[in-house]
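Shown below: coords_33.cif, with mmCIF, C-alpha atoms.
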```cif
data_model
loop_
_atom_site.label_atom_id
_atom_site.label_comp_id
_atom_site.auth_asym_id
_atom_site.auth_seq_id
_atom_site.Cartn_x
_atom_site.Cartn_y
_atom_site.Cartn_z
CA MET A 1 -8.83 47.04 -13.33
CA THR A 2 -6.30 49.26 -15.02
CA ARG A 3 -4.09 48.05 -17.82
CA ARG A 4 -1.09 48.05 -15.47
CA GLU A 5 -2.97 45.86 -12.97
CA THR A 6 -3.94 43.45 -15.74
CA ARG A 7 -0.33 43.13 -16.84
CA PHE A 8 0.80 42.59 -13.27
CA THR A 9 -1.84 39.88 -12.76
CA ASN A 10 -0.76 38.10 -15.93
CA LEU A 11 2.87 38.36 -14.82
CA LEU A 12 2.03 36.91 -11.40
CA ARG A 13 0.32 33.94 -13.05
CA SER A 14 3.11 33.32 -15.55
CA ARG A 15 5.49 30.37 -15.62
CA GLY A 16 8.48 32.64 -15.08
CA ILE A 17 7.18 33.94 -11.77
CA GLY A 18 6.23 30.39 -10.80
CA PHE A 19 9.81 29.28 -11.43
CA ILE A 20 11.20 32.21 -9.43
CA ILE A 21 8.90 31.49 -6.48
CA THR A 22 9.93 27.83 -6.56
CA ALA A 23 13.62 28.76 -6.63
CA VAL A 24 13.14 31.16 -3.72
CA SER A 25 11.32 28.40 -1.82
CA ALA A 26 14.26 26.06 -2.33
CA TRP A 27 16.62 28.74 -1.03
CA MET A 28 14.37 29.34 1.99
CA THR A 29 14.69 25.69 3.02
CA TRP A 30 18.42 25.56 2.24
CA ARG A 31 19.28 28.43 4.56
CA CYS A 32 17.44 26.68 7.42
CA ILE A 33 19.71 23.62 7.42
CA PRO A 34 21.97 24.80 10.28
CA SER A 35 19.04 25.97 12.45
CA PHE A 36 16.86 22.86 12.08
CA MET A 37 19.47 20.11 12.10
CA PRO A 38 17.79 16.66 12.17
CA GLU A 39 18.62 13.80 14.51
CA GLY A 40 19.82 10.33 13.62
CA LEU A 41 21.28 9.31 10.27
CA PHE A 42 20.48 12.55 8.44
CA ALA A 43 22.39 14.58 11.05
CA VAL A 44 25.54 13.22 9.38
CA MET A 45 24.42 14.17 5.87
CA PRO A 46 21.79 16.93 6.20
CA GLU A 47 22.34 18.16 2.64
CA LEU A 48 21.23 14.78 1.27
CA SER A 49 18.13 14.86 3.46
CA TRP A 50 17.34 18.38 2.26
CA ALA A 51 17.86 17.44 -1.41
CA VAL A 52 15.64 14.34 -1.25
CA ASN A 53 12.93 16.27 0.58
CA LEU A 54 13.07 19.09 -1.98
CA ALA A 55 12.86 16.59 -4.84
CA LEU A 56 9.73 15.07 -3.30
CA LEU A 57 8.12 18.48 -2.86
CA ILE A 58 8.88 19.35 -6.48
CA ALA A 59 7.37 16.00 -7.50
CA VAL A 60 4.21 16.89 -5.56
CA ALA A 61 4.06 20.27 -7.31
CA GLY A 62 4.56 18.54 -10.67
CA ALA A 63 1.76 16.06 -9.92
CA MET A 64 -0.53 18.97 -9.03
CA ILE A 65 0.20 20.63 -12.38
CA ALA A 66 -0.37 17.36 -14.24
CA VAL A 67 -3.71 16.74 -12.51
CA ASN A 68 -4.89 20.26 -13.29
CA ARG A 69 -3.89 20.08 -16.93
CA GLN A 70 -5.41 16.68 -17.58
CA PHE A 71 -8.70 17.29 -15.77
CA ASN A 72 -8.92 21.10 -16.00
CA LEU A 73 -9.69 21.48 -12.30
CA LEU A 74 -8.91 25.19 -12.09
CA ARG A 75 -10.02 26.17 -15.60
CA THR A 76 -6.57 27.65 -16.20
CA VAL A 77 -3.12 26.56 -17.39
CA SER A 78 -1.37 28.84 -14.89
CA VAL A 79 1.12 27.07 -12.62
CA PHE A 80 1.00 29.71 -9.90
CA PHE A 81 -0.90 27.43 -7.51
CA SER A 82 1.93 24.87 -7.53
CA ALA A 83 4.52 27.58 -6.89
CA TYR A 84 2.30 28.85 -4.08
CA PHE A 85 2.35 25.33 -2.62
CA MET A 86 6.14 25.33 -2.66
CA PHE A 87 6.31 28.76 -1.02
CA ILE A 88 3.91 28.12 1.87
CA THR A 89 5.53 24.76 2.52
CA ALA A 90 8.96 26.39 2.63
CA SER A 91 7.60 28.90 5.15
CA THR A 92 7.39 26.04 7.70
CA PRO A 93 11.06 24.97 8.04
CA VAL A 94 10.12 22.35 10.64
CA ALA A 95 8.25 20.38 7.97
CA SER A 96 10.12 21.32 4.79
CA THR A 97 13.86 21.45 5.46
CA PHE A 98 14.63 17.76 5.95
CA LEU A 99 13.23 14.46 4.74
CA GLY A 100 10.10 13.27 6.51
CA ILE A 101 7.02 11.22 5.80
CA GLY A 102 4.94 14.34 4.97
CA PRO A 103 6.10 14.85 1.36
CA VAL A 104 5.76 11.11 0.71
CA LEU A 105 2.19 11.17 2.00
CA ALA A 106 1.40 14.21 -0.15
CA LEU A 107 2.90 12.60 -3.25
CA VAL A 108 1.01 9.32 -2.75
CA ALA A 109 -2.23 11.26 -2.20
CA MET A 110 -1.72 13.34 -5.35
CA LEU A 111 -0.90 10.25 -7.42
CA GLY A 112 -3.89 8.42 -5.95
CA MET A 113 -6.14 11.38 -6.76
CA TRP A 114 -4.75 11.48 -10.31
CA ILE A 115 -5.53 7.80 -10.84
CA LEU A 116 -8.94 8.17 -9.19
CA PHE A 117 -9.95 10.94 -11.57
CA THR A 118 -9.15 8.75 -14.60
CA ILE A 119 -11.83 6.23 -13.63
CA TYR A 120 -14.83 8.52 -13.36
CA ASN A 121 -17.90 6.46 -14.27
CA GLU A 122 -15.69 3.88 -16.01
CA ARG A 123 -16.58 0.20 -15.69
CA ARG A 124 -13.15 -1.21 -16.53
CA SER A 125 -11.26 0.32 -13.62
CA ASP A 126 -10.39 -2.59 -11.32
CA ARG A 127 -6.65 -2.46 -11.98
CA ARG A 128 -6.40 1.25 -11.29
CA ILE A 129 -8.45 0.91 -8.10
CA PHE A 130 -6.11 -1.90 -7.06
CA LEU A 131 -3.14 0.40 -7.72
CA ILE A 132 -4.55 3.26 -5.63
CA PHE A 133 -5.09 1.12 -2.55
CA THR A 134 -1.83 -0.74 -3.04
CA LEU A 135 -0.01 2.60 -2.85
CA LEU A 136 -1.89 3.52 0.33
CA SER A 137 -1.23 0.11 1.88
CA ALA A 138 2.46 0.22 1.00
CA GLY A 139 2.64 3.66 2.58
CA THR A 140 0.96 2.31 5.71
CA LEU A 141 3.78 -0.25 6.07
CA ALA A 142 6.18 2.69 6.33
CA ASP A 143 3.99 4.97 8.43
CA TRP A 144 0.56 4.42 9.96
CA HIS A 145 -0.69 7.91 9.01
CA PHE A 146 -1.46 6.61 5.51
CA LEU A 147 -4.18 4.43 7.01
CA PHE A 148 -6.36 7.48 7.74
CA PHE A 149 -6.73 8.20 4.04
CA VAL A 150 -8.05 4.80 3.02
CA PRO A 151 -11.68 5.76 3.90
CA VAL A 152 -11.23 9.03 1.99
CA PHE A 153 -10.46 7.17 -1.23
CA VAL A 154 -13.31 4.73 -0.60
CA VAL A 155 -15.65 7.72 -0.49
CA GLY A 156 -13.84 8.94 -3.60
CA LEU A 157 -14.95 5.78 -5.42
CA ALA A 158 -18.54 6.73 -4.64
CA GLN A 159 -17.93 10.27 -5.87
CA MET A 160 -16.53 8.85 -9.12
CA ARG A 161 -19.73 6.77 -9.46
CA ILE A 162 -17.93 3.42 -9.48
CA LEU A 163 -18.59 2.08 -5.99
CA ARG A 164 -19.58 -1.51 -6.84
CA PHE A 165 -18.91 -4.87 -5.22
CA LYS A 166 -16.12 -5.71 -7.68
CA LYS A 167 -14.49 -2.32 -7.08
CA ILE A 168 -14.58 -2.84 -3.32
CA MET A 169 -12.96 -6.25 -3.80
CA ALA A 170 -10.24 -4.68 -5.95
CA ALA A 171 -9.62 -2.12 -3.21
CA LEU A 172 -9.46 -4.81 -0.51
CA ILE A 173 -7.03 -6.91 -2.54
CA GLY A 174 -4.90 -3.80 -3.06
CA LEU A 175 -4.84 -3.18 0.70
CA VAL A 176 -3.92 -6.79 1.50
CA THR A 177 -1.21 -7.30 -1.15
CA PRO A 178 1.71 -5.23 0.30
CA PRO A 179 1.48 -6.62 3.87
CA TRP A 180 0.92 -10.11 2.47
CA ILE A 181 4.20 -9.85 0.55
CA ALA A 182 6.11 -8.06 3.32
CA PHE A 183 5.02 -10.30 6.18
CA GLY A 184 4.77 -13.50 4.16
CA LEU A 185 8.35 -13.25 2.90
CA GLY A 186 9.61 -12.10 6.28
CA LEU A 187 10.78 -8.76 4.92
CA MET A 188 9.53 -7.01 8.05
CA PRO A 189 8.11 -8.10 11.41
CA ILE A 190 4.38 -8.12 12.07
CA PRO A 191 3.65 -4.84 13.89
CA THR A 192 1.97 -4.62 17.25
CA LEU A 193 -1.08 -2.47 17.93
CA PRO A 194 -0.12 1.16 18.59
CA HIS A 195 -0.50 2.56 22.07
CA ILE A 196 -2.89 5.50 22.29
CA PHE A 197 -1.94 8.17 24.80
CA PHE A 198 -2.56 11.87 25.33
CA THR A 199 0.22 14.34 24.67
CA PRO A 200 -0.09 17.93 25.91
CA PRO A 201 -0.15 20.76 23.34
CA THR A 202 2.91 22.24 25.05
CA LEU A 203 4.96 19.47 23.44
CA LEU A 204 4.37 21.03 20.04
CA LEU A 205 5.12 24.53 21.28
CA SER A 206 8.35 23.45 22.96
CA MET A 207 9.95 22.37 19.68
CA PRO A 208 12.20 24.87 17.82
CA GLY A 209 9.99 27.31 15.94
CA GLY A 210 6.86 25.83 17.54
CA TRP A 211 4.78 29.00 17.75
CA PRO A 212 5.53 30.20 14.19
CA PHE A 213 4.91 26.70 12.88
CA LEU A 214 1.56 26.46 14.63
CA CYS A 215 0.49 29.94 13.47
CA THR A 216 1.46 29.15 9.88
CA VAL A 217 -0.58 25.94 9.84
CA LEU A 218 -3.56 27.71 11.44
CA LEU A 219 -3.38 30.40 8.77
CA THR A 220 -3.35 27.72 6.07
CA ILE A 221 -6.39 25.97 7.56
CA ILE A 222 -8.32 29.25 7.84
CA ILE A 223 -7.45 30.29 4.28
CA GLY A 224 -8.43 26.88 2.97
CA PHE A 225 -11.78 27.01 4.78
CA LEU A 226 -12.67 30.54 3.69
CA LEU A 227 -11.59 30.19 0.07
CA GLY A 228 -13.19 26.75 -0.11
CA LEU A 229 -16.53 28.31 0.82
CA ALA A 230 -15.99 31.16 -1.64
CA ASN A 231 -15.16 28.70 -4.44
CA LEU A 232 -18.17 26.51 -3.66
CA ILE A 233 -20.60 28.85 -5.38
CA ARG A 234 -18.54 28.76 -8.56
CA ILE A 235 -17.99 25.00 -8.48
CA ILE A 236 -21.73 24.32 -8.17
CA GLY A 237 -22.09 25.66 -11.69
CA PHE A 238 -19.69 23.07 -13.12
CA ASN A 239 -20.84 19.83 -14.74
CA ALA A 240 -21.26 16.63 -12.69
CA GLN A 241 -17.79 15.32 -13.48
CA ALA A 242 -16.04 18.55 -12.51
CA ARG A 243 -18.10 18.72 -9.32
CA ALA A 244 -17.03 15.17 -8.46
CA TYR A 245 -13.37 16.07 -8.98
CA ASN A 246 -13.55 19.20 -6.87
CA GLY A 247 -15.71 17.45 -4.28
CA PHE A 248 -13.03 14.85 -3.71
CA LEU A 249 -10.35 17.53 -3.55
CA SER A 250 -12.38 19.35 -0.88
CA LEU A 251 -12.92 16.10 1.03
CA LEU A 252 -9.19 15.39 0.98
CA GLY A 253 -8.39 18.89 2.22
CA ILE A 254 -11.02 18.82 4.98
CA THR A 255 -9.88 15.40 6.19
CA THR A 256 -6.26 16.51 6.27
CA GLY A 257 -7.16 19.65 8.19
CA VAL A 258 -9.18 17.70 10.76
CA LEU A 259 -6.38 15.16 11.19
CA ALA A 260 -3.86 17.97 11.62
CA ILE A 261 -5.94 19.41 14.45
CA MET A 262 -6.68 16.09 16.15
CA ASN A 263 -3.23 14.54 15.74
CA PHE A 264 -1.37 17.79 16.46
CA THR A 265 1.80 16.15 17.78
CA ASP A 266 2.41 14.78 14.26
CA LEU A 267 1.39 18.04 12.62
CA GLN A 268 4.42 18.17 10.33
CA VAL A 269 3.25 14.93 8.66
CA TYR A 270 0.07 16.56 7.34
CA VAL A 271 1.50 19.96 6.37
CA PRO A 272 2.60 19.20 2.76
CA LEU A 273 -0.71 17.54 1.83
CA LEU A 274 -2.71 20.26 3.59
CA ASN A 275 -0.73 22.91 1.70
CA ALA A 276 -1.32 21.13 -1.61
CA CYS A 277 -5.09 21.01 -1.08
CA VAL A 278 -5.23 24.67 0.01
CA ALA A 279 -3.05 25.67 -2.96
CA PHE A 280 -5.73 24.27 -5.28
CA GLN A 281 -8.33 26.41 -3.50
CA VAL A 282 -6.12 29.49 -3.84
CA GLY A 283 -5.69 28.69 -7.53
CA HIS A 284 -9.46 28.45 -7.92
CA PHE A 285 -9.99 31.79 -6.21
CA PHE A 286 -7.22 33.55 -8.14
CA ARG A 287 -8.61 32.27 -11.43
CA ALA A 288 -12.12 33.50 -10.57
CA THR A 289 -10.98 36.93 -9.34
CA ALA A 290 -8.09 37.57 -11.73
CA SER A 291 -10.04 40.36 -13.42
CA ARG A 292 -11.30 41.77 -10.11
CA ARG A 293 -8.02 42.60 -8.36
CA GLY A 294 -7.58 39.12 -6.97
CA TYR A 295 -3.84 39.78 -6.90
CA ILE A 296 -4.32 41.89 -3.75
CA LEU A 297 -5.24 38.84 -1.66
CA ILE A 298 -2.45 36.80 -3.24
CA LEU A 299 0.16 39.43 -2.39
CA GLY A 300 -1.25 39.66 1.12
CA LEU A 301 -0.92 35.91 1.56
CA LEU A 302 2.63 35.84 0.23
CA ALA A 303 3.55 38.68 2.58
CA SER A 304 1.94 36.91 5.55
CA TYR A 305 3.82 33.67 4.92
CA THR A 306 7.04 35.60 4.43
CA ALA A 307 6.57 37.26 7.82
CA LEU A 308 5.86 33.91 9.47
CA TYR A 309 8.97 32.41 7.87
CA ILE A 310 11.10 35.29 9.15
CA TRP A 311 9.62 34.75 12.61
CA ALA A 312 10.36 31.02 12.47
CA THR A 313 13.97 31.50 11.39
CA ALA A 314 14.62 34.32 13.86
CA ILE A 315 13.93 32.13 16.90
#
```
Take the structure in the file and write it out as structure tokens.
Amino acid sequence: MTRRETRFTNLLRSRGIGFIITAVSAWMTWRCIPSFMPEGLFAVMPELSWAVNLALLIAVAGAMIAVNRQFNLLRTVSVFFSAYFMFITASTPVASTFLGIGPVLALVAMLGMWILFTIYNERRSDRRIFLIFTLLSAGTLADWHFLFFVPVFVVGLAQMRILRFKKIMAALIGLVTPPWIAFGLGLMPIPTLPHIFFTPPTLLLSMPGGWPFLCTVLLTIIIGFLLGLANLIRIIGFNAQARAYNGFLSLLGITTGVLAIMNFTDLQVYVPLLNACVAFQVGHFFRATASRRGYILILGLLASYTALYIWATAI
């Protein structure tokens, strides 16, 4: 690499550029308010819905930075990966302009992962395990999509080398506590079993910006898969604890991608968490190839998402 390329790479990975990308992402969602007006209560106050949703996305990005700094997942202090998360999420206005369950799911998953990483091979961890599964259970009371991630965190306990009988009991008590309180005190009615029915893929494509939205998510899944494989060789060389951390992150990303494909009619629910997991993989790859013109792929990705955003907002 030339000296100019090295300076440009360092600039791209700097906090200043990360802040600029985040600000641009916020503007991208703001300008979509008239085109993607929500229904129901938030149709009366769309700016509030946008602001709350943006705050949640920023919280997710902040949690990603905190996890990386505490556990050194990416072997770098650069915050570019979190800004990249904000940008690719903003490129899907359907899922990023107004408040939905997606950012909440992503935030709970990031917080749960943060707590999970603190109990690697630690015997006194029952309270934190209880907290993880309490968060998931509380989320399930609001939206059933949280339930899919309970098995992921159970596998995560095994990856953290703490899957014991007492830990399983702590997880079960955490799962039972929120519904016990909510239903026992009559705060909400006992739900009925959901009806399972087939919905045609045309339902997704018929929504405003359906084709651009679908193409953007497919690009994210493909990038996550390819870069995940590329990063695997490097991660194998890490110590056992780092491999456990990155193994759980990969498991979370793969599960989210599979759920996005299978439960495609609720695709917007999985987009923020999927983007967060893929952003970690992009951060891994950029860190490993920073001295080998890795910026070329990054610029190509940013350009691709920009084109998809323009397509989505032009419809």
*Of the candidates A:Val24, A:Gly186, A:Ile129, A:Thr140, which shows the shortest atom-to-atom distance to Leu172 in chain A, using only C-alpha atoms?*
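Residue with the minimum atom-to-atom distance to Leu172 in chain A: A:Ile129.
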*With the file shown as input, list the residues that the PyMOL selection byres ((chain A and resi 223) around 12) selects, as JSON, numbers by chain.*
{"A": [88, 216, 217, 218, 219, 220, 221, 222, 224, 225, 226, 227, 228, 229, 230, 231, 253, 257, 274, 275, 277, 278, 279, 280, 281, 282, 285, 297, 298, 300, 301, 304, 305]}
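Each of A:Leu12, A:Ala90, A:Leu185, A:Ala66 was checked against Leu299 in chain A using all atoms listed in the file; the smallest atom-to-atom distance is that of A:Leu12.
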*Between A:Ala312, A:Ala276, A:Leu302, A:Leu73, which is the closest to Ser35 in chain A once you count only C-alpha atoms?*
A:Ala312
_Using only C-alpha atoms for the distances, tell me which of A:Asn68, A:Ser14, A:Thr265, A:Ser25 is nearest to Met113 in chain A._
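Checking each candidate against Met113 in chain A, we get A:Asn68 as the closest.
Residues in contact with range 142-153 of chain A at 9 Å, where only C-alpha atoms are counted and same-chain residues fewer than 6 positions away are skipped, are listed as A:Ile101, A:Leu105, A:Ala109, A:Gly112, A:Met113, A:Leu116, A:Ile132, A:Phe133, A:Leu136, A:Leu175, A:Phe248, A:Leu251, A:Leu252, A:Thr255, A:Thr256, A:Leu259, A:Val269, A:Tyr270.
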_Just want the 9 Å neighbourhood of Met169 in chain A, counted on all atoms listed in the file, with same-chain residues fewer than 5 positions away dropped. Output as a list in words._
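My list of contacting residues is Asp126, Phe130, Arg164 and Gly174 of chain A.
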*Point out the residue among A:Ala260, A:Val108, A:Arg161, A:Ile21 with the least atom-to-atom distance to Leu214 in chain A, counting only C-alpha atoms.*
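For Leu214 in chain A, the nearest of the given residues is A:Ala260.
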